[in-house]
>>> print(open('coords_9.txt').read())   # compact mmCIF, C-alpha atoms
# COMPACT_ATOMS: atom_id res chain seq x y z
CA MET A 1 -44.52 41.70 6.65
CA HIS A 2 -41.90 41.75 9.37
CA GLU A 3 -43.85 43.99 11.68
CA ILE A 4 -45.18 41.17 13.86
CA GLY A 5 -41.71 40.06 14.98
CA VAL A 6 -40.91 43.62 15.92
CA VAL A 7 -44.20 44.12 17.74
CA ILE A 8 -43.35 41.03 19.79
CA GLU A 9 -40.08 42.79 20.72
CA VAL A 10 -42.13 45.78 21.82
CA ILE A 11 -44.26 43.59 24.06
CA LYS A 12 -41.16 42.04 25.67
CA THR A 13 -39.75 45.48 26.48
CA VAL A 14 -43.06 46.69 27.92
CA GLU A 15 -43.37 43.53 30.02
CA ARG A 16 -39.94 44.21 31.49
CA PHE A 17 -40.88 47.81 32.19
CA VAL A 18 -44.14 46.83 33.85
CA LYS A 19 -42.37 44.36 36.13
CA GLN A 20 -39.89 47.03 37.24
CA ASN A 21 -42.55 49.67 37.81
CA ASP A 22 -45.72 49.38 39.77
CA VAL A 23 -48.30 49.12 37.01
CA THR A 24 -51.58 47.28 37.42
CA LYS A 25 -53.44 47.89 34.20
CA ILE A 26 -52.32 49.34 30.88
CA ASP A 27 -54.79 51.32 28.83
CA THR A 28 -52.79 52.56 25.84
CA LEU A 29 -49.36 51.96 24.34
CA VAL A 30 -47.80 54.89 22.49
CA LEU A 31 -45.18 54.20 19.80
CA GLN A 32 -43.12 56.65 17.76
CA ILE A 33 -42.36 55.55 14.24
CA GLY A 34 -40.08 57.51 11.93
CA GLU A 35 -41.03 58.12 8.32
CA LEU A 36 -37.81 56.35 7.25
CA SER A 37 -38.27 53.39 9.56
CA SER A 38 -38.97 50.11 7.84
CA MET A 39 -42.05 49.75 10.02
CA ILE A 40 -45.27 50.62 8.26
CA PRO A 41 -47.73 52.09 10.79
CA ARG A 42 -50.72 50.54 9.01
CA TYR A 43 -49.17 47.05 9.28
CA VAL A 44 -48.15 47.59 12.89
CA GLU A 45 -51.76 48.43 13.64
CA ALA A 46 -52.98 45.42 11.69
CA CYS A 47 -50.88 42.87 13.56
CA TYR A 48 -51.19 44.48 16.99
CA PRO A 49 -54.34 42.63 18.11
CA ALA A 50 -52.80 39.26 17.24
CA ALA A 51 -49.44 40.03 18.83
CA ILE A 52 -50.85 41.15 22.19
CA GLU A 53 -53.15 38.19 22.69
CA GLY A 54 -52.37 36.42 25.94
CA THR A 55 -49.81 39.05 26.97
CA ILE A 56 -49.82 41.83 29.49
CA LEU A 57 -50.92 44.18 26.71
CA GLU A 58 -54.07 42.24 25.86
CA GLU A 59 -57.06 44.56 25.40
CA THR A 60 -54.91 47.68 25.24
CA LYS A 61 -55.17 50.41 22.65
CA LEU A 62 -52.34 51.38 20.33
CA LYS A 63 -51.42 54.94 19.41
CA ILE A 64 -48.76 55.71 16.81
CA GLU A 65 -47.00 59.05 16.46
CA ILE A 66 -45.22 59.57 13.15
CA MET A 67 -41.79 61.24 13.36
CA PRO A 68 -40.89 63.33 10.29
CA ALA A 69 -37.77 62.63 8.23
CA ASN A 70 -36.15 65.98 8.99
CA ALA A 71 -32.58 66.86 8.09
CA LEU A 72 -30.22 69.78 8.59
CA CYS A 73 -28.65 71.04 5.38
CA LYS A 74 -24.84 71.04 5.76
CA ASN A 75 -24.50 73.95 3.38
CA CYS A 76 -27.11 76.48 4.56
CA ASN A 77 -28.38 74.99 7.86
CA LYS A 78 -31.97 74.84 6.72
CA VAL A 79 -34.07 72.12 8.35
CA PHE A 80 -36.15 70.31 5.75
CA ASN A 81 -38.11 67.11 5.25
CA ILE A 82 -36.08 64.81 2.99
CA VAL A 83 -39.04 62.71 1.88
CA GLU A 84 -41.00 65.77 0.80
CA HIS A 85 -38.01 67.37 -0.93
CA ASN A 86 -36.46 64.23 -2.40
CA LYS A 87 -33.22 64.65 -0.38
CA ILE A 88 -32.49 68.07 -1.90
CA CYS A 89 -32.44 71.22 0.24
CA PRO A 90 -35.32 73.48 -0.90
CA LYS A 91 -33.32 76.61 -0.02
CA CYS A 92 -29.87 76.05 -1.55
CA SER A 93 -30.35 72.79 -3.55
CA GLY A 94 -27.57 71.18 -1.47
CA GLU A 95 -27.53 67.38 -1.26
CA ASP A 96 -25.41 66.97 1.88
CA PHE A 97 -27.33 66.82 5.12
CA ASP A 98 -27.37 65.39 8.60
CA LEU A 99 -30.50 63.46 9.45
CA LEU A 100 -32.17 64.78 12.59
CA SER A 101 -35.11 62.41 12.88
CA GLY A 102 -37.12 59.85 10.95
CA ARG A 103 -35.39 56.54 11.60
CA GLU A 104 -36.70 55.94 15.09
CA PHE A 105 -38.94 53.20 16.27
CA MET A 106 -39.48 54.00 19.91
CA ILE A 107 -41.77 52.94 22.68
CA LYS A 108 -42.68 56.40 23.89
CA GLU A 109 -44.92 55.74 26.84
CA ILE A 110 -47.81 53.78 28.26
CA LEU A 111 -50.98 55.14 29.73
CA ALA A 112 -51.67 53.00 32.78
CA TYR A 113 -53.68 52.86 35.95
CA MET B 1 -63.11 55.41 37.12
CA GLU B 2 -59.54 55.83 38.25
CA LYS B 3 -57.58 58.38 36.30
CA TYR B 4 -54.66 56.89 34.45
CA LYS B 5 -51.14 58.13 34.48
CA VAL B 6 -48.58 58.45 31.72
CA LEU B 7 -45.43 56.39 32.18
CA GLU B 8 -42.55 57.35 29.94
CA ILE B 9 -40.57 54.43 28.56
CA LYS B 10 -38.56 56.14 25.81
CA GLU B 11 -36.78 53.01 24.73
CA SER B 12 -35.83 51.98 21.27
CA VAL B 13 -37.84 48.96 20.25
CA PHE B 14 -34.64 47.10 19.53
CA GLU B 15 -33.39 47.71 23.09
CA ASP B 16 -34.26 44.24 24.35
CA ASN B 17 -32.72 42.55 21.32
CA ASN B 18 -29.62 44.76 21.48
CA HIS B 19 -29.17 43.80 25.11
CA GLN B 20 -29.49 40.07 24.34
CA ALA B 21 -27.04 40.50 21.45
CA ASP B 22 -24.44 42.18 23.68
CA LEU B 23 -24.76 39.36 26.22
CA LEU B 24 -24.30 36.74 23.51
CA ARG B 25 -21.28 38.58 22.06
CA ALA B 26 -19.62 38.75 25.48
CA ARG B 27 -20.24 35.07 26.01
CA LEU B 28 -18.80 34.12 22.61
CA LYS B 29 -15.73 36.21 23.32
CA LYS B 30 -15.25 34.36 26.59
CA GLU B 31 -15.79 30.97 24.98
CA LYS B 32 -13.45 31.87 22.12
CA THR B 33 -15.91 31.41 19.30
CA PHE B 34 -15.98 33.96 16.49
CA LEU B 35 -19.47 34.39 15.03
CA LEU B 36 -19.97 35.71 11.51
CA ASN B 37 -23.45 36.84 10.49
CA LEU B 38 -23.74 36.44 6.73
CA MET B 39 -26.65 38.18 5.04
CA SER B 40 -27.90 38.68 1.48
CA SER B 41 -30.88 38.34 -0.84
CA PRO B 42 -32.15 34.84 -1.67
CA GLY B 43 -30.07 33.31 -4.46
CA SER B 44 -27.00 35.53 -4.14
CA GLY B 45 -24.73 32.57 -3.44
CA LYS B 46 -24.56 32.48 0.36
CA THR B 47 -24.36 28.71 0.62
CA THR B 48 -21.74 28.43 -2.14
CA THR B 49 -19.70 31.15 -0.45
CA VAL B 50 -19.99 29.29 2.85
CA LEU B 51 -18.80 26.07 1.17
CA ARG B 52 -15.76 27.80 -0.37
CA THR B 53 -14.98 29.45 2.97
CA ILE B 54 -15.10 26.10 4.76
CA GLU B 55 -12.81 24.50 2.16
CA ALA B 56 -10.26 27.30 2.58
CA LEU B 57 -10.21 27.39 6.37
CA GLN B 58 -11.23 23.98 7.70
CA SER B 59 -7.67 22.74 8.07
CA GLU B 60 -6.78 25.72 10.29
CA MET B 61 -9.80 26.09 12.53
CA ARG B 62 -12.86 24.26 13.75
CA ILE B 63 -15.88 25.60 11.88
CA GLY B 64 -19.58 25.29 12.63
CA VAL B 65 -22.48 26.49 10.51
CA MET B 66 -26.00 27.58 11.39
CA GLU B 67 -28.36 27.66 8.44
CA ALA B 68 -31.39 29.84 9.02
CA ASP B 69 -34.35 29.49 6.70
CA ILE B 70 -38.06 29.85 6.90
CA ASP B 71 -38.36 26.17 5.97
CA SER B 72 -36.49 23.13 4.54
CA ASP B 73 -33.03 21.76 5.25
CA VAL B 74 -31.50 21.81 1.77
CA ASP B 75 -28.74 24.22 2.80
CA ALA B 76 -27.83 22.25 5.92
CA ASN B 77 -27.69 19.11 3.81
CA THR B 78 -25.36 20.70 1.28
CA VAL B 79 -23.03 22.05 3.94
CA SER B 80 -23.01 18.82 5.98
CA LYS B 81 -21.41 17.04 3.00
CA THR B 82 -18.18 18.94 3.77
CA GLY B 83 -18.04 17.17 7.12
CA THR B 84 -18.56 20.44 8.96
CA LYS B 85 -20.81 20.57 11.99
CA VAL B 86 -24.06 22.17 10.83
CA ILE B 87 -27.47 22.82 12.28
CA GLN B 88 -30.60 24.06 10.57
CA LEU B 89 -32.64 26.76 12.24
CA HIS B 90 -36.23 27.29 11.21
CA THR B 91 -37.57 30.75 11.79
CA GLY B 92 -41.16 29.60 11.30
CA GLY B 93 -42.13 32.34 8.89
CA MET B 94 -40.04 35.07 10.46
CA CYS B 95 -37.93 36.96 7.97
CA HIS B 96 -34.85 37.37 10.17
CA LEU B 97 -33.02 35.94 13.16
CA ASP B 98 -32.87 37.85 16.42
CA ALA B 99 -30.31 37.52 19.19
CA ASP B 100 -32.41 35.07 21.15
CA MET B 101 -32.82 32.70 18.19
CA THR B 102 -29.10 33.00 17.47
CA LYS B 103 -28.34 32.10 21.08
CA GLN B 104 -30.49 28.98 20.76
CA GLY B 105 -28.61 28.13 17.57
CA ILE B 106 -25.24 28.61 19.25
CA GLU B 107 -26.35 26.38 22.10
CA GLY B 108 -27.44 23.77 19.57
CA LEU B 109 -24.10 23.99 17.81
CA GLY B 110 -22.04 24.12 21.01
CA THR B 111 -18.97 26.35 21.39
CA ASP B 112 -16.53 23.89 22.97
CA ASP B 113 -15.17 22.58 19.70
CA ILE B 114 -15.97 25.56 17.45
CA ASP B 115 -13.51 28.41 16.76
CA PHE B 116 -15.48 29.96 13.95
CA ALA B 117 -19.27 29.85 13.66
CA ILE B 118 -21.04 31.03 10.53
CA LEU B 119 -24.63 32.13 10.71
CA GLU B 120 -26.24 32.02 7.29
CA ASN B 121 -29.12 34.39 7.90
CA VAL B 122 -32.48 34.29 6.12
CA GLY B 123 -32.22 35.59 2.54
CA ASN B 124 -33.47 39.15 2.93
CA LEU B 125 -31.89 42.60 2.72
CA VAL B 126 -34.41 44.33 4.96
CA CYS B 127 -35.09 42.95 8.43
CA PRO B 128 -31.84 41.12 9.22
CA ALA B 129 -30.17 44.55 9.10
CA GLU B 130 -32.29 45.76 12.00
CA PHE B 131 -31.63 42.90 14.37
CA ASP B 132 -28.24 42.57 16.00
CA THR B 133 -27.69 38.81 16.26
CA GLY B 134 -24.78 39.07 18.68
CA ALA B 135 -22.29 38.28 15.90
CA SER B 136 -18.63 39.32 16.18
CA LYS B 137 -18.69 40.65 12.60
CA ASN B 138 -21.32 41.12 9.89
CA ALA B 139 -20.92 40.49 6.19
CA MET B 140 -23.24 40.61 3.22
CA ILE B 141 -23.23 39.37 -0.34
CA LEU B 142 -24.54 41.32 -3.30
CA SER B 143 -24.52 39.33 -6.51
CA VAL B 144 -24.06 40.99 -9.88
CA PRO B 145 -27.48 39.99 -11.33
CA GLU B 146 -29.21 41.82 -8.47
CA GLY B 147 -28.00 45.17 -9.81
CA ASP B 148 -25.71 47.96 -8.67
CA ASP B 149 -28.59 50.06 -7.31
CA LYS B 150 -29.04 47.90 -4.20
CA PRO B 151 -27.07 50.17 -1.82
CA LEU B 152 -29.50 52.92 -2.77
CA LYS B 153 -32.53 50.73 -2.20
CA TYR B 154 -31.47 48.94 0.99
CA PRO B 155 -29.17 51.49 2.66
CA LEU B 156 -29.40 50.13 6.20
CA MET B 157 -27.97 46.72 5.29
CA PHE B 158 -24.97 48.30 3.55
CA SER B 159 -24.38 50.63 6.47
CA ILE B 160 -24.18 47.94 9.18
CA VAL B 161 -21.88 45.35 7.57
CA ASP B 162 -18.10 45.12 7.89
CA VAL B 163 -17.62 43.40 4.55
CA LEU B 164 -19.50 43.47 1.25
CA LEU B 165 -18.79 40.52 -1.01
CA VAL B 166 -19.76 41.19 -4.62
CA ASN B 167 -20.45 37.71 -5.99
CA LYS B 168 -20.92 36.29 -9.50
CA MET B 169 -18.37 38.72 -10.92
CA ASP B 170 -18.00 36.34 -13.88
CA THR B 171 -21.45 37.44 -15.12
CA ILE B 172 -20.62 41.14 -15.18
CA GLY B 173 -20.51 41.13 -18.99
CA ILE B 174 -24.15 40.03 -19.19
CA PHE B 175 -25.61 42.48 -16.70
CA ASP B 176 -25.35 46.26 -16.56
CA PHE B 177 -23.45 46.28 -13.31
CA ASP B 178 -21.04 49.01 -12.33
CA LEU B 179 -18.70 47.78 -9.59
CA GLU B 180 -17.20 51.23 -9.04
CA ALA B 181 -20.69 52.67 -8.55
CA VAL B 182 -21.46 50.00 -5.95
CA LYS B 183 -18.22 50.78 -4.13
CA ALA B 184 -18.92 54.51 -4.13
CA ARG B 185 -22.52 54.04 -2.97
CA ALA B 186 -21.54 51.59 -0.22
CA LEU B 187 -18.65 53.78 0.99
CA LYS B 188 -20.90 56.80 1.18
CA LEU B 189 -23.19 54.88 3.55
CA ASN B 190 -20.37 53.17 5.41
CA PRO B 191 -16.82 54.59 5.14
CA ASN B 192 -15.36 51.49 6.89
CA ILE B 193 -16.90 48.90 4.59
CA LYS B 194 -14.53 46.46 2.88
CA VAL B 195 -15.63 45.54 -0.64
CA ILE B 196 -14.36 42.24 -2.08
CA PRO B 197 -15.37 41.07 -5.59
CA ILE B 198 -15.58 37.26 -5.82
CA VAL B 199 -16.78 34.34 -7.91
CA ALA B 200 -17.82 31.87 -5.21
CA LYS B 201 -18.43 29.15 -7.77
CA THR B 202 -14.82 29.08 -8.98
CA GLY B 203 -13.17 30.46 -5.86
CA GLU B 204 -11.88 33.60 -7.60
CA GLY B 205 -11.18 36.45 -5.20
CA MET B 206 -11.89 34.25 -2.19
CA ALA B 207 -8.35 34.57 -0.82
CA GLU B 208 -8.85 38.20 0.18
CA TRP B 209 -12.05 37.20 2.00
CA THR B 210 -10.56 34.22 3.80
CA ASP B 211 -7.46 36.28 4.74
CA TRP B 212 -9.74 38.85 6.33
CA LEU B 213 -11.68 36.13 8.15
CA ARG B 214 -8.54 34.35 9.37
CA ASN B 215 -7.25 37.58 10.84
CA GLU B 216 -10.58 38.46 12.49
CA VAL B 217 -11.01 34.97 13.97
CA ASN B 218 -7.48 35.06 15.38
CA VAL B 219 -7.92 38.51 16.90
CA TRP B 220 -11.24 37.53 18.45
CA ASN B 221 -10.02 34.27 19.92
CA GLU B 222 -6.62 35.55 21.05
CA LYS B 223 -7.23 36.60 24.61
>>> encode(input="coords_9.txt", output="structure tokens")
Amino acid sequence: MHEIGVVIEVIKTVERFVKQNDVTKIDTLVLQIGELSSMIPRYVEACYPAAIEGTILEETKLKIEIMPANALCKNCNKVFNIVEHNKICPKCSGEDFDLLSGREFMIKEILAY
Amino acid sequence: MEKYKVLEIKESVFEDNNHQADLLRARLKKEKTFLLNLMSSPGSGKTTTVLRTIEALQSEMRIGVMEADIDSDVDANTVSKTGTKVIQLHTGGMCHLDADMTKQGIEGLGTDDIDFAILENVGNLVCPAEFDTGASKNAMILSVPEGDDKPLKYPLMFSIVDVLLVNKMDTIGIFDFDLEAVKARALKLNPNIKVIPIVAKTGEGMAEWTDWLRNEVNVWNEK
């Protein structure tokens, strides 16, 4: 379970953002987590209440958007989900691809007053 | 009730750590201390490799070691017997070191009389790969008993390191381990990776590793 250390990183970044922008109260934090990221959304949710205690994010809600592991087939240019298709293009059976999304772990936005 | 607004942040979660790491790297460059971040699974032979590295290079440069573990100081104890300056960092349950913890370690070690600092990261192939420590170069050890499928299972680690040491090569006859397969898998993830087979226990193959290190340390500390 390494999610808590990473969630603490998230809090640091949000604290910096809040200081630079005129924010009084945060309602919700929105994260984007890729399917291939080593962060497991369920664990991020589980450690969130503990990580935010005593910080600027205390009593805020957490929303997680999952980013699909999509790739572009180098052979036929089809966009496909590599988790679903086991890294093999469903159109041409090619195994060479460029990953388009799925690794990210981003702080997307905050909903604030 | 006041209506709330949406504030876009759009920052990678590792942004803050990456920033700290860049600051630390710049500082180390200025203070002429080369920092190596050494990563691997538990039991792959990190400490033995560190000992052999110290033996090979200690007459040429001033070396310092930071041992990072969740608990205990057995590694620091072992390394301190070589007479090298060593400090033990406790991560307190955390499975990796981040740039801020590394900075604290570097401050504990001091850079005035250190040309080459080795950070022995927590034994783990997952999280240390995601956190830039601020090191000048990154290396990892894969030991033969762990299996040749590790680049497939932990791709990120293999894609971020400059050097892959394949340790315990003397046991290759006991385990089904295909060195060529490891090389091919690692190179597919990371075309610039340097793969060096070693036996840390006996020192076999260590010359190629210490030659690489000597060159990197000199380049880093030159200007």
>>> interface_residues(input="coords_9.txt", of="chain A", to="chain B", cutoff="8 Å", atoms="only C-alpha atoms", output="PDB file with C-alpha atoms, in the coordinates of the input")
ATOM      1  CA  HIS A   2     -41.900  41.750   9.370  1.00  0.00           C
ATOM      2  CA  GLY A   5     -41.710  40.060  14.980  1.00  0.00           C
ATOM      3  CA  VAL A   6     -40.910  43.620  15.920  1.00  0.00           C
ATOM      4  CA  GLU A   9     -40.080  42.790  20.720  1.00  0.00           C
ATOM      5  CA  VAL A  10     -42.130  45.780  21.820  1.00  0.00           C
ATOM      6  CA  LYS A  12     -41.160  42.040  25.670  1.00  0.00           C
ATOM      7  CA  THR A  13     -39.750  45.480  26.480  1.00  0.00           C
ATOM      8  CA  PHE A  17     -40.880  47.810  32.190  1.00  0.00           C
ATOM      9  CA  ASP A  27     -54.790  51.320  28.830  1.00  0.00           C
ATOM     10  CA  SER A  38     -38.970  50.110   7.840  1.00  0.00           C
ATOM     11  CA  GLU A 104     -36.700  55.940  15.090  1.00  0.00           C
ATOM     12  CA  PHE A 105     -38.940  53.200  16.270  1.00  0.00           C
ATOM     13  CA  MET A 106     -39.480  54.000  19.910  1.00  0.00           C
ATOM     14  CA  ILE A 107     -41.770  52.940  22.680  1.00  0.00           C
ATOM     15  CA  LYS A 108     -42.680  56.400  23.890  1.00  0.00           C
ATOM     16  CA  GLU A 109     -44.920  55.740  26.840  1.00  0.00           C
ATOM     17  CA  ILE A 110     -47.810  53.780  28.260  1.00  0.00           C
ATOM     18  CA  LEU A 111     -50.980  55.140  29.730  1.00  0.00           C
ATOM     19  CA  ALA A 112     -51.670  53.000  32.780  1.00  0.00           C
ATOM     20  CA  TYR A 113     -53.680  52.860  35.950  1.00  0.00           C
TER      21      TYR A 113
END
>>> residues_around(input="coords_9.txt", residues="Gly43 in chain B", least_positions_apart="3", cutoff="9 Å", atoms="all atoms listed in the file", output="JSON, numbers by chain")
{"B": [40, 46, 47, 123, 143]}
>>> residues_around(input="coords_9.txt", residues="range 92-103 of chain A", least_positions_apart="4", cutoff="6 Å", atoms="all atoms listed in the file", output="PyMOL selection string")
chain A and resi 34-37+67-74+88
>>> atom_distance(input="coords_9.txt", atom1="CA of Ala99 in chain B", atom2="CA of Lys29 in chain B")
15.2 Å
>>> residues_around(input="coords_9.txt", residues="Leu89 in chain B", least_positions_apart="3", cutoff="12 Å", atoms="all atoms listed in the file", output="PyMOL selection string")
chain B and resi 65-76+86+92-94+96-98+101-109+119-122
>>> residues_near_point(input="coords_9.txt", point="(-6.9, 33.5, 10.2)", cutoff="12 Å", atoms="only C-alpha atoms", output="PyMOL selection string")
chain B and resi 34+53+56-62+115-116+207-222
>>> atom_distance(input="coords_9.txt", atom1="CA of Leu125 in chain B", atom2="CA of Met39 in chain B")
7.2 Å
>>> residues_around(input="coords_9.txt", residues="Val182 in chain B", least_positions_apart="2", cutoff="8 Å", atoms="all atoms listed in the file", output="list in words")
Asp148, Asp149, Pro151, Asp178, Leu179, Glu180, Ala184, Arg185 and Ala186 of chain B
>>> atom_distance(input="coords_9.txt", atom1="CA of Leu36 in chain B", atom2="CA of Ile114 in chain B")
12.4 Å
>>> residues_around(input="coords_9.txt", residues="Lys194 in chain B", least_positions_apart="5", cutoff="8 Å", atoms="all atoms listed in the file", output="JSON, numbers by chain")
{"B": [162, 163, 164]}
>>> axis_aligned_box(input="coords_9.txt", around="range 17-33 of chain A", padding_each_side="5 Å", output="JSON")
{"center_x": -47.3, "center_y": 50.5, "center_z": 27.0, "size_x": 24.9, "size_y": 22.3, "size_z": 35.5}
>>> build_atoms(input="coords_9.txt", residues="range 9-30 of chain A", atoms="N, CA and C atoms", output="mmCIF file, in the coordinates of the input")
data_model
loop_
_atom_site.group_PDB
_atom_site.id
_atom_site.type_symbol
_atom_site.label_atom_id
_atom_site.label_comp_id
_atom_site.auth_asym_id
_atom_site.auth_seq_id
_atom_site.Cartn_x
_atom_site.Cartn_y
_atom_site.Cartn_z
ATOM 1 N N GLU A 9 -41.180 42.138 19.984
ATOM 2 C CA GLU A 9 -40.080 42.790 20.720
ATOM 3 C C GLU A 9 -40.607 43.906 21.618
ATOM 4 N N VAL A 10 -41.533 44.681 21.064
ATOM 5 C CA VAL A 10 -42.130 45.780 21.820
ATOM 6 C C VAL A 10 -42.789 45.236 23.087
ATOM 7 N N ILE A 11 -43.534 44.166 22.919
ATOM 8 C CA ILE A 11 -44.260 43.590 24.060
ATOM 9 C C ILE A 11 -43.280 43.129 25.139
ATOM 10 N N LYS A 12 -42.172 42.509 24.711
ATOM 11 C CA LYS A 12 -41.160 42.040 25.670
ATOM 12 C C LYS A 12 -40.615 43.220 26.493
ATOM 13 N N THR A 13 -40.313 44.304 25.795
ATOM 14 C CA THR A 13 -39.750 45.480 26.480
ATOM 15 C C THR A 13 -40.769 46.057 27.457
ATOM 16 N N VAL A 14 -42.032 46.145 27.033
ATOM 17 C CA VAL A 14 -43.060 46.690 27.920
ATOM 18 C C VAL A 14 -43.247 45.773 29.129
ATOM 19 N N GLU A 15 -43.215 44.466 28.904
ATOM 20 C CA GLU A 15 -43.370 43.530 30.020
ATOM 21 C C GLU A 15 -42.277 43.739 31.069
ATOM 22 N N ARG A 16 -41.066 43.969 30.576
ATOM 23 C CA ARG A 16 -39.940 44.210 31.490
ATOM 24 C C ARG A 16 -40.172 45.503 32.278
ATOM 25 N N PHE A 17 -40.625 46.516 31.555
ATOM 26 C CA PHE A 17 -40.880 47.810 32.190
ATOM 27 C C PHE A 17 -41.962 47.704 33.265
ATOM 28 N N VAL A 18 -43.003 46.971 32.935
ATOM 29 C CA VAL A 18 -44.140 46.830 33.850
ATOM 30 C C VAL A 18 -43.707 46.108 35.131
ATOM 31 N N LYS A 19 -42.858 45.111 34.975
ATOM 32 C CA LYS A 19 -42.370 44.360 36.130
ATOM 33 C C LYS A 19 -41.553 45.263 37.061
ATOM 34 N N GLN A 20 -40.770 46.159 36.445
ATOM 35 C CA GLN A 20 -39.890 47.030 37.240
ATOM 36 C C GLN A 20 -40.650 48.189 37.875
ATOM 37 N N ASN A 21 -41.775 48.553 37.290
ATOM 38 C CA ASN A 21 -42.550 49.670 37.810
ATOM 39 C C ASN A 21 -43.893 49.141 38.303
ATOM 40 N N ASP A 22 -44.490 49.871 39.171
ATOM 41 C CA ASP A 22 -45.720 49.380 39.770
ATOM 42 C C ASP A 22 -46.922 49.727 38.880
ATOM 43 N N VAL A 23 -47.190 48.860 37.932
ATOM 44 C CA VAL A 23 -48.300 49.120 37.010
ATOM 45 C C VAL A 23 -49.314 47.992 37.141
ATOM 46 N N THR A 24 -50.574 48.335 37.286
ATOM 47 C CA THR A 24 -51.580 47.280 37.420
ATOM 48 C C THR A 24 -52.305 47.023 36.104
ATOM 49 N N LYS A 25 -52.703 48.114 35.439
ATOM 50 C CA LYS A 25 -53.440 47.890 34.200
ATOM 51 C C LYS A 25 -53.031 48.919 33.147
ATOM 52 N N ILE A 26 -52.719 48.433 31.964
ATOM 53 C CA ILE A 26 -52.320 49.340 30.880
ATOM 54 C C ILE A 26 -53.537 49.649 30.021
ATOM 55 N N ASP A 27 -53.674 50.919 29.683
ATOM 56 C CA ASP A 27 -54.790 51.320 28.830
ATOM 57 C C ASP A 27 -54.345 51.494 27.381
ATOM 58 N N THR A 28 -53.247 52.237 27.197
ATOM 59 C CA THR A 28 -52.790 52.560 25.840
ATOM 60 C C THR A 28 -51.265 52.480 25.748
ATOM 61 N N LEU A 29 -50.801 51.981 24.630
ATOM 62 C CA LEU A 29 -49.360 51.960 24.340
ATOM 63 C C LEU A 29 -49.110 53.006 23.259
ATOM 64 N N VAL A 30 -48.102 53.861 23.485
ATOM 65 C CA VAL A 30 -47.800 54.890 22.490
ATOM 66 C C VAL A 30 -46.428 54.616 21.860
#
